[in-house]
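**Q** Take a look at this one; I'll ask things after.
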Amino acid sequence: MAQHAEVWKQVFQELIQEVKPWHKWTLTPDKDLLPNALKPGWMQYQHRGFARFQCSSCSRGWASAHVQVLFHVHWSKENSRGRVKMRVFAQRCKRCSQPPFEVPEFTQENISRILNNLVIRILKKCYREGFKSMEEIPTIKDISLEGPHDTNNCEACLQGFCAQKSSLVAMPTQARSLPTSQIPRADPVHQVQREVKISPPSSRHFSSYPSQSHTVASTRNIHWSPPACSKEKICSCCSFLLLIVLVVVIIIKTTFTI
């Protein structure tokens, strides 16, 4: 573990010096570091990533994407000094009867990704810099995994820590989740009704296009109806007829007078 610790220290110094070259930061491995056991002024960050293991008893090798790395971070603004304590949680072989916990082996690329996520959160929490919403850079899985996560042989799972999400918090928190039956689901029908506003068609759109039912009815019952006149105003047809009747009456009257 001493050789791996030096790699973590070197990569962390390279990353933190790129953004804060005038500030002093140290990273120290601590095998006794406990999740959510924070001293005043300390913050916690945990990362779940991919690593390989090898049993020291039977030489069996396996890989896991649930390897937990725990960091405790302290920043002193007055002295411009920061401290990071780190612990990598181990796993043990499931085939051996009394296997020891083995330390995972990370690739250089995955070490850089994990520490890069740590530095981003240090900038956000300690310096109030960076974006409000930052996505975590995942570790690379170079082989396919077989079967589910072995919770009985995971050190982090045995301490009730493996299922927690990665975050940098100042106070211990306990993740809570709603049962599946209580999780609200979006109604696709209501969602469409909220997003799509249907406007009623205007009457002018149908002024020159009679409906099909009206067309069929007109072909079945062919008859002529005189136009209806309004009570307030006599239509032009009625006026014309009235004029003709008046002329005929005058002609008849004149004929009989002569």
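Labels for the structure tokens follow display order: chains A, B, ..., residues from 1 in each chain, ligands from 1.
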What are the closest atom pairs, with distances in Å to one decimal, for all residues of stretch 32-81 of chain A lying within 10 Å of stretch 112-130 of chain A? Consider only C-alpha atoms, order rows by chain and residue number, and present the result as CSV.
**A**
residue,atom,partner,partner_atom,distance
A:Met43,CA,A:Lys125,CA,8.8
A:Tyr45,CA,A:Leu118,CA,7.3
A:Gln46,CA,A:Leu118,CA,8.7
A:His47,CA,A:Ile114,CA,7.0
A:Arg48,CA,A:Ile114,CA,8.8
A:Gly49,CA,A:Ile114,CA,7.9
A:Val69,CA,A:Ile114,CA,8.6
A:Phe71,CA,A:Leu118,CA,8.3
A:Val73,CA,A:Ile122,CA,8.0
A:His74,CA,A:Cys126,CA,8.5
A:Trp75,CA,A:Cys126,CA,6.5
A:Ser76,CA,A:Cys126,CA,8.9
A:Lys77,CA,A:Cys126,CA,8.4
**Q** With N, CA and C atoms kept, could you save the residues just selected as a PDB file, in the first residue's frame?
**A**
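For reference, part-v7.pdb as written:
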ATOM      1  N   MET A  43     -14.803  18.171   6.041  1.00  0.00           N
ATOM      2  CA  MET A  43     -15.816  17.774   5.072  1.00  0.00           C
ATOM      3  C   MET A  43     -15.480  16.401   4.517  1.00  0.00           C
ATOM      4  N   TYR A  45     -15.837  13.495   1.295  1.00  0.00           N
ATOM      5  CA  TYR A  45     -16.125  13.171  -0.103  1.00  0.00           C
ATOM      6  C   TYR A  45     -15.859  11.691  -0.302  1.00  0.00           C
ATOM      7  N   GLN A  46     -16.787  10.992  -0.934  1.00  0.00           N
ATOM      8  CA  GLN A  46     -16.598   9.583  -1.228  1.00  0.00           C
ATOM      9  C   GLN A  46     -16.821   9.334  -2.707  1.00  0.00           C
ATOM     10  N   HIS A  47     -16.075   8.402  -3.226  1.00  0.00           N
ATOM     11  CA  HIS A  47     -16.170   8.067  -4.647  1.00  0.00           C
ATOM     12  C   HIS A  47     -16.257   6.557  -4.783  1.00  0.00           C
ATOM     13  N   ARG A  48     -17.152   6.111  -5.661  1.00  0.00           N
ATOM     14  CA  ARG A  48     -17.283   4.689  -5.975  1.00  0.00           C
ATOM     15  C   ARG A  48     -16.758   4.455  -7.377  1.00  0.00           C
ATOM     16  N   GLY A  49     -15.739   3.610  -7.488  1.00  0.00           N
ATOM     17  CA  GLY A  49     -15.103   3.423  -8.783  1.00  0.00           C
ATOM     18  C   GLY A  49     -14.736   1.971  -9.056  1.00  0.00           C
ATOM     19  N   VAL A  69     -13.774   4.848  -2.132  1.00  0.00           N
ATOM     20  CA  VAL A  69     -12.621   5.647  -1.707  1.00  0.00           C
ATOM     21  C   VAL A  69     -13.170   6.812  -0.890  1.00  0.00           C
ATOM     22  N   PHE A  71     -12.605  10.290   1.461  1.00  0.00           N
ATOM     23  CA  PHE A  71     -11.732  11.435   1.722  1.00  0.00           C
ATOM     24  C   PHE A  71     -12.365  12.308   2.808  1.00  0.00           C
ATOM     25  N   VAL A  73     -11.687  16.187   4.241  1.00  0.00           N
ATOM     26  CA  VAL A  73     -11.000  17.395   3.770  1.00  0.00           C
ATOM     27  C   VAL A  73     -11.141  18.496   4.813  1.00  0.00           C
ATOM     28  N   HIS A  74     -10.025  19.183   5.076  1.00  0.00           N
ATOM     29  CA  HIS A  74     -10.027  20.340   5.980  1.00  0.00           C
ATOM     30  C   HIS A  74      -9.259  21.480   5.325  1.00  0.00           C
ATOM     31  N   TRP A  75      -9.846  22.676   5.363  1.00  0.00           N
ATOM     32  CA  TRP A  75      -9.232  23.855   4.743  1.00  0.00           C
ATOM     33  C   TRP A  75      -9.137  24.977   5.760  1.00  0.00           C
ATOM     34  N   SER A  76      -7.945  25.546   5.913  1.00  0.00           N
ATOM     35  CA  SER A  76      -7.713  26.685   6.793  1.00  0.00           C
ATOM     36  C   SER A  76      -7.454  27.904   5.926  1.00  0.00           C
ATOM     37  N   LYS A  77      -8.430  28.792   5.864  1.00  0.00           N
ATOM     38  CA  LYS A  77      -8.298  29.984   5.033  1.00  0.00           C
ATOM     39  C   LYS A  77      -7.253  30.941   5.582  1.00  0.00           C
TER      40      LYS A  77
END
**Q** Of the candidates A:Val249, A:Ala37, A:Cys162, A:Ile137, which one gets nearest to A:Gln68 if we count only C-alpha atoms?
**A**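 Ranking A:Val249, A:Ala37, A:Cys162, A:Ile137 by distance to A:Gln68, first place goes to A:Cys162.
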**Q** From the list A:Pro104, A:Pro21, A:Pro35, A:Gly41, which residue is nearest A:Ala156 when using only C-alpha atoms?
**A** A:Pro35
**Q** May I ask which of the residues A:Glu102, A:Glu135, A:Glu6, A:Glu146 is the closest one to A:Ala90, counting only C-alpha atoms?
**A**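 Ranked by minimum distance to A:Ala90, first place goes to A:Glu102.
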**Q** Which of these, A:Val67, A:Leu33, A:Leu27, A:Leu38, has the shortest distance to A:Cys157 once you count only C-alpha atoms?
**A**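 Nearest to A:Cys157: A:Val67.
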**Q** Select, from A:Lys24, A:Arg60, A:Arg92, A:His4, the residue with the minimum atom-to-atom distance to A:Glu78, counting only C-alpha atoms.
**A** A:Lys24
**Q** Contacts of A:Cys96 at 10 Å or less, counting only C-alpha atoms, minus same-chain residues fewer than 6 places along, as a short mmCIF file (atom, residue, chain, number, x, y, z; two decimals) with N, CA and C atoms, in the first residue's frame?
**A**
data_model
loop_
_atom_site.label_atom_id
_atom_site.label_comp_id
_atom_site.auth_asym_id
_atom_site.auth_seq_id
_atom_site.Cartn_x
_atom_site.Cartn_y
_atom_site.Cartn_z
N CYS A 55 -6.41 -12.16 -4.47
CA CYS A 55 -6.36 -12.83 -3.17
C CYS A 55 -4.93 -13.28 -2.87
N SER A 57 -4.20 -15.45 -0.67
CA SER A 57 -4.23 -16.85 -0.24
C SER A 57 -4.27 -17.81 -1.42
N CYS A 58 -5.19 -17.57 -2.36
CA CYS A 58 -5.35 -18.49 -3.49
C CYS A 58 -4.96 -17.87 -4.83
N ARG A 60 -6.46 -15.81 -6.54
CA ARG A 60 -7.61 -15.53 -7.42
C ARG A 60 -7.74 -14.03 -7.62
#
**Q** Residues of stretch 1-131 of chain A classed as helix (DSSP H, G or I) by DSSP on the backbone are to be reported as a VMD selection string.
**A** chain A and resid 2 to 19 108 to 125
**Q** Would you pick out the contacts of A:Pro148 at 12 Å or less, using only C-alpha atoms, so that residues sharing its chain but fewer than 5 positions from it are not included, and give the list as a list in words?
**A**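 Once the adjacent positions are removed, what remains is Ala63, Ser64, Ala65 and His66 of chain A.
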**Q** Among stretch 83-129 of chain A, which ones does DSSP place in strand (DSSP E or B), written as a list in words?
**A** Arg83, Val84, Lys85, Met86, Arg87, Val88, Gln91, Arg92, Phe101, Glu102 and Glu105 of chain A
**Q** Record the distance separating atom CA of A:Gln17 and atom CA of A:Ser80, expressed in Å with one decimal.
**A** 13.0 Å
